[in-house]
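Worksheet: one structure, shown below.
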Amino acid sequence: MEGTKDSNVKRFCSQHILVILGFSSVIAVTALIAVGLSQNKPLPENFKYGIVLDAGSTHTNLYIYKWPAEKKNNTGVVQEVEECKVKGPGVAKYSNKLHALETYLIACMERCKNVVPRSLHPETPVYLGATAGMRLLRMQNEHLAHSVLDEVAKSLSEYSFDFQGARILSGQEEGAYGWITINYLLGKFVEKSKWLGLMAGERQSTFGAMDLGGASTQITFAPESHTAESPDNFINFRLYGKDYSVYTHSFLCYGKDEALQQKLAKDIEVSSNGILKDPCFHLGYAKLVNVSKLYTSPCAKRYEKTLPFDEFQIQGTGNYQQCRQSVLELFNTSYCPYSQCAFNGIFLPPVKGNFGAFSAFYFVMQFLNLTSTKVISQEMMSETMRKYCSRPWQEVRTSFPEVHEKFLSEYCFAGTYILSLLLQGYHFTDSSFKDIEFMREIEGNSAGWTLGYMLNLTNMIPAEQPVTAPLSHSTYVFLMVLFSLILAVALIIGLVVFKNPSYFWKEMV
Ligand SMILES: Nc1ccn([C@@H]2O[C@H](COP(=O)(O)OP(=O)(O)OP(=O)(O)O)[C@@H](O)[C@H]2O)c(=O)n1
Ligand SMILES: [Ca+2]
């Protein structure tokens, strides 16, 4: 009797201990989840802004970037929040009307005043970088180029932002910053994490970058192997703890507009009657060109000749094959002082990996409807060009009433030029051509040199990998909760078994 009472009390006590233990485990796990989640809740972020003006040969574009101040050294944190196209042509075109530069940037700078919170204006850097149009002007008249830069610098320093200067980028910088931009946006500088970040990550291959502007074009990529040939074409970077040896070259005068000027100057040399039958323009298209204007750019100088007329008329004949032949004459492949060259005796290692092709590469391909499929073959593009160039001008004009006449009339030339540059200039093959992605932006950020320029000048890309915990905070919380749950379940099962071993054994028998 005494024994039964005793065992009843024991059972009562152990049942309660079990309930208390189960209850505490549930509370502990709930508390752990709550603490983890509240700790992981994003803190109110403190943003910083940066402004870059891209003073290109054809126009100026302004970009406003924004990033959380605490995370400035992480990759992919900078976001483009605004793009503003400055009204009017590129700054180099103002060399004979400097006074007009006083008001040139006002509209876009007013946008900046609205987008960037007023309290942050004094700490928001503003950079202006000029490219090939200004490089050409500097070649012609250094003093004038300085005056243009002084004038834009003067107008930018009148704002309450932290103006950091206006300068002409070298072709190498332009190529390199474009390469940094797209690889930063594609997340190629960080290792691909494995097993929730528990295993060492894998180094990723970078994308090559190709930029086609109005006056110059750049190609930049990490070649298969480093070579001692033409050291001027190589830049070494150490980014996030990894070394990169990158090939880059900027072909001045091989932007879309200057290449066309060169072609016209080359072809008019052999005309005697002031008429230029041009296969790169549509049949029925006609345009008057002033001879002295044609020779103002240093790019067409090599074909300069005294002609018996002051102006000539382009008459389109719309023939892709003949246009291709004429364009190919712009690339001199008859000499190469290195083991391999692009054209004009410029070293170029074999192209390797994926490429992002942006600016006019994209504008032209988009117009030709060649950006909707991810993979574009060179046959597909040649066929498109053959058909497009043969369309009569009147039909083209009425089919695309919304497209600016200058752009529209030049797409036959531009597409043919792009094909020739990629195949004969850079030696892309049937297969490597398919590795080119024509892109305008990557997740809302424009592909171009400006972001890379700002990342570099604000020291946002560290040479060494920042020291971080091996796991992200959310992975850490997830694993802690999971293991605690496993522990709690094991504890409860253990207690049940300990409390009533006969039940367990009975089941087993
Ligand atoms: N919808 C558009 C817009 C532009 N273009 C062409 O694209 C070229 C300009 O490209 P862009 O990258 O804007 O040149 P810039 O930056 O001004 O020139 P650069 O980089 O050489 O200084 C021009 O030939 C222009 O005719 C085009 O064909 N279609
Ligand atoms: Ca450009």
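Residue names in the structure tokens use chain letters A, B, ... in the order shown, residue numbers from 1 in each chain, and ligand numbers from 1 in the order shown.
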Next item on the list: Do a neighbour search on range 308-320 of chain A at 6 Å with only C-alpha atoms, toss out local chain neighbours closer than 6 positions, and write the hits as a PyMOL selection string.
Entry: chain A and resi 274-283+285-291+386+389-390
Next item on the list: Please check which protein, DNA or RNA residues sit within 8 Å of ligand 1, counting only C-alpha atoms and all ligand atoms, and write them as a ChimeraX atom specification.
Entry: /A:54-60,90,130-134,211-217,255-257,358-361,363-364,367,403-404,406-408,410-411,414
Could you write those residues out with C-alpha atoms, as a compact mmCIF listing (two decimals), in the first residue's frame?
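Saved result, again35.txt, follows:
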# COMPACT_ATOMS: atom_id res chain seq x y z
CA ASP A 54 29.72 60.95 -68.66
CA ALA A 55 30.74 63.62 -71.14
CA GLY A 56 30.73 61.50 -74.30
CA SER A 57 31.45 62.54 -77.87
CA THR A 58 27.76 62.64 -78.82
CA HIS A 59 26.07 63.70 -75.59
CA THR A 60 26.47 63.98 -71.81
CA GLY A 90 28.73 66.40 -76.46
CA ALA A 130 35.11 63.22 -70.69
CA THR A 131 35.90 60.58 -73.30
CA ALA A 132 36.87 60.29 -76.97
CA GLY A 133 35.27 63.52 -78.26
CA MET A 134 37.45 65.50 -75.85
CA ASP A 211 31.87 49.59 -75.43
CA LEU A 212 31.02 51.28 -78.74
CA GLY A 213 30.75 55.04 -78.51
CA GLY A 214 30.49 57.72 -81.16
CA ALA A 215 34.23 58.39 -81.38
CA SER A 216 36.01 55.39 -79.81
CA THR A 217 35.45 51.75 -79.00
CA GLY A 255 33.47 54.73 -82.57
CA LYS A 256 30.35 54.48 -84.74
CA ASP A 257 30.31 58.11 -85.96
CA PHE A 358 26.97 47.86 -74.42
CA SER A 359 26.27 51.49 -75.50
CA ALA A 360 25.99 51.70 -79.33
CA PHE A 361 26.56 47.92 -79.61
CA PHE A 363 21.39 50.51 -79.39
CA VAL A 364 22.03 49.09 -82.84
CA PHE A 367 16.92 48.41 -83.23
CA VAL A 403 13.19 56.92 -84.77
CA HIS A 404 15.49 59.92 -85.16
CA LYS A 406 20.17 60.37 -88.26
CA PHE A 407 20.12 57.10 -86.28
CA LEU A 408 17.68 55.44 -88.68
CA GLU A 410 22.83 54.83 -90.22
CA TYR A 411 21.66 51.43 -88.87
CA ALA A 414 26.20 50.53 -87.98
Checklist line | Selection near range 179-188 of chain A, 10 Å with only C-alpha atoms, sequence-local residues under 5 positions removed, as an MDAnalysis selection string | finding: chainID A and resid 75:79 173:174 203:211 218:222 237 239 246 248 355:358 439 441:456 461
Checklist line | Exercise: Met385 in chain A partners within 9 Å, only C-alpha atoms, chain neighbours under 6 positions left out, as a VMD selection string | finding: chain A and resid 320 368 412 415 to 416
Residues just named, written with C-alpha atoms as a JSON list (two decimals), in the first residue's frame:
[["chain", "number", "residue", "atom", "x", "y", "z"],
["A", 320, "TYR", "CA", 25.07, 44.71, -97.47],
["A", 368, "LEU", "CA", 17.65, 45.36, -85.40],
["A", 412, "CYS", "CA", 22.63, 49.62, -92.08],
["A", 415, "GLY", "CA", 25.14, 46.87, -88.01],
["A", 416, "THR", "CA", 27.60, 46.08, -90.79]]
Next item on the list: DSSP on the backbone, then: every residue of range 182-360 of chain A marked alpha helix (DSSP H), written as a PyMOL selection string.
Entry: chain A and resi 182-185+256-268+291-294+320-328+360
Store the residues picked out above, limited to N, CA and C atoms, as a CSV table (one decimal), in the first residue's frame.
chain,number,residue,atom,x,y,z
A,182,ILE,N,30.7,46.1,-65.2
A,182,ILE,CA,29.8,45.0,-65.5
A,182,ILE,C,30.2,43.8,-64.6
A,183,ASN,N,31.4,43.6,-64.2
A,183,ASN,CA,31.7,42.5,-63.3
A,183,ASN,C,31.3,42.7,-61.9
A,184,TYR,N,31.3,44.0,-61.5
A,184,TYR,CA,30.8,44.3,-60.2
A,184,TYR,C,29.2,44.0,-60.1
A,185,LEU,N,28.6,44.5,-61.2
A,185,LEU,CA,27.1,44.3,-61.2
A,185,LEU,C,26.7,42.8,-61.4
A,256,LYS,N,31.3,54.6,-83.6
A,256,LYS,CA,30.4,54.5,-84.7
A,256,LYS,C,30.4,55.7,-85.7
A,257,ASP,N,30.4,56.9,-85.1
A,257,ASP,CA,30.3,58.1,-86.0
A,257,ASP,C,31.6,58.4,-86.7
A,258,GLU,N,32.7,58.2,-85.9
A,258,GLU,CA,34.0,58.5,-86.5
A,258,GLU,C,34.4,57.5,-87.6
A,259,ALA,N,34.0,56.2,-87.3
A,259,ALA,CA,34.2,55.2,-88.3
A,259,ALA,C,33.5,55.5,-89.6
A,260,LEU,N,32.3,56.1,-89.5
A,260,LEU,CA,31.5,56.5,-90.7
A,260,LEU,C,32.2,57.6,-91.4
A,261,GLN,N,32.7,58.6,-90.6
A,261,GLN,CA,33.4,59.7,-91.2
A,261,GLN,C,34.6,59.2,-92.0
A,262,GLN,N,35.3,58.3,-91.4
A,262,GLN,CA,36.5,57.7,-92.1
A,262,GLN,C,36.1,57.1,-93.4
A,263,LYS,N,35.0,56.3,-93.3
A,263,LYS,CA,34.6,55.6,-94.5
A,263,LYS,C,34.2,56.6,-95.6
A,264,LEU,N,33.5,57.6,-95.3
A,264,LEU,CA,33.1,58.6,-96.3
A,264,LEU,C,34.3,59.3,-96.9
A,265,ALA,N,35.3,59.7,-96.0
A,265,ALA,CA,36.5,60.3,-96.5
A,265,ALA,C,37.3,59.4,-97.4
A,266,LYS,N,37.3,58.1,-97.1
A,266,LYS,CA,38.0,57.1,-97.9
A,266,LYS,C,37.3,57.0,-99.2
A,267,ASP,N,36.0,56.9,-99.2
A,267,ASP,CA,35.3,56.6,-100.5
A,267,ASP,C,35.2,57.8,-101.4
A,268,ILE,N,35.1,59.0,-100.8
A,268,ILE,CA,34.9,60.2,-101.6
A,268,ILE,C,36.2,60.6,-102.4
A,291,VAL,N,32.5,69.1,-97.5
A,291,VAL,CA,33.8,68.5,-97.5
A,291,VAL,C,34.7,69.0,-96.3
A,292,SER,N,34.6,70.3,-96.1
A,292,SER,CA,35.5,70.8,-95.0
A,292,SER,C,35.0,70.3,-93.7
A,293,LYS,N,33.7,70.0,-93.5
A,293,LYS,CA,33.2,69.5,-92.2
A,293,LYS,C,33.7,68.0,-92.0
A,294,LEU,N,33.8,67.3,-93.2
A,294,LEU,CA,34.2,65.9,-93.2
A,294,LEU,C,35.6,65.8,-92.6
A,320,TYR,N,24.3,45.1,-98.7
A,320,TYR,CA,25.1,44.7,-97.5
A,320,TYR,C,26.5,44.2,-97.8
A,321,GLN,N,26.6,43.3,-98.8
A,321,GLN,CA,27.9,42.7,-99.1
A,321,GLN,C,28.9,43.7,-99.5
A,322,GLN,N,28.4,44.7,-100.4
A,322,GLN,CA,29.4,45.8,-100.8
A,322,GLN,C,29.7,46.7,-99.6
A,323,CYS,N,28.7,46.9,-98.8
A,323,CYS,CA,29.0,47.8,-97.6
A,323,CYS,C,30.0,47.1,-96.7
A,324,ARG,N,29.9,45.8,-96.5
A,324,ARG,CA,30.8,45.0,-95.7
A,324,ARG,C,32.3,45.2,-96.3
A,325,GLN,N,32.4,45.1,-97.6
A,325,GLN,CA,33.7,45.2,-98.3
A,325,GLN,C,34.3,46.6,-98.0
A,326,SER,N,33.4,47.6,-98.1
A,326,SER,CA,33.9,49.0,-97.9
A,326,SER,C,34.3,49.2,-96.5
A,327,VAL,N,33.6,48.7,-95.5
A,327,VAL,CA,33.9,48.8,-94.1
A,327,VAL,C,35.2,48.1,-93.7
A,328,LEU,N,35.4,46.9,-94.3
A,328,LEU,CA,36.6,46.2,-94.0
A,328,LEU,C,37.9,46.9,-94.3
A,360,ALA,N,26.5,51.8,-78.0
A,360,ALA,CA,26.0,51.7,-79.3
A,360,ALA,C,25.9,50.3,-79.8
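Restricting the calculation to only C-alpha atoms, the smallest distance between Met480 in chain A and any of A:Gly425, A:Ile168, A:Pro466, A:Ala31 is found for A:Ala31.
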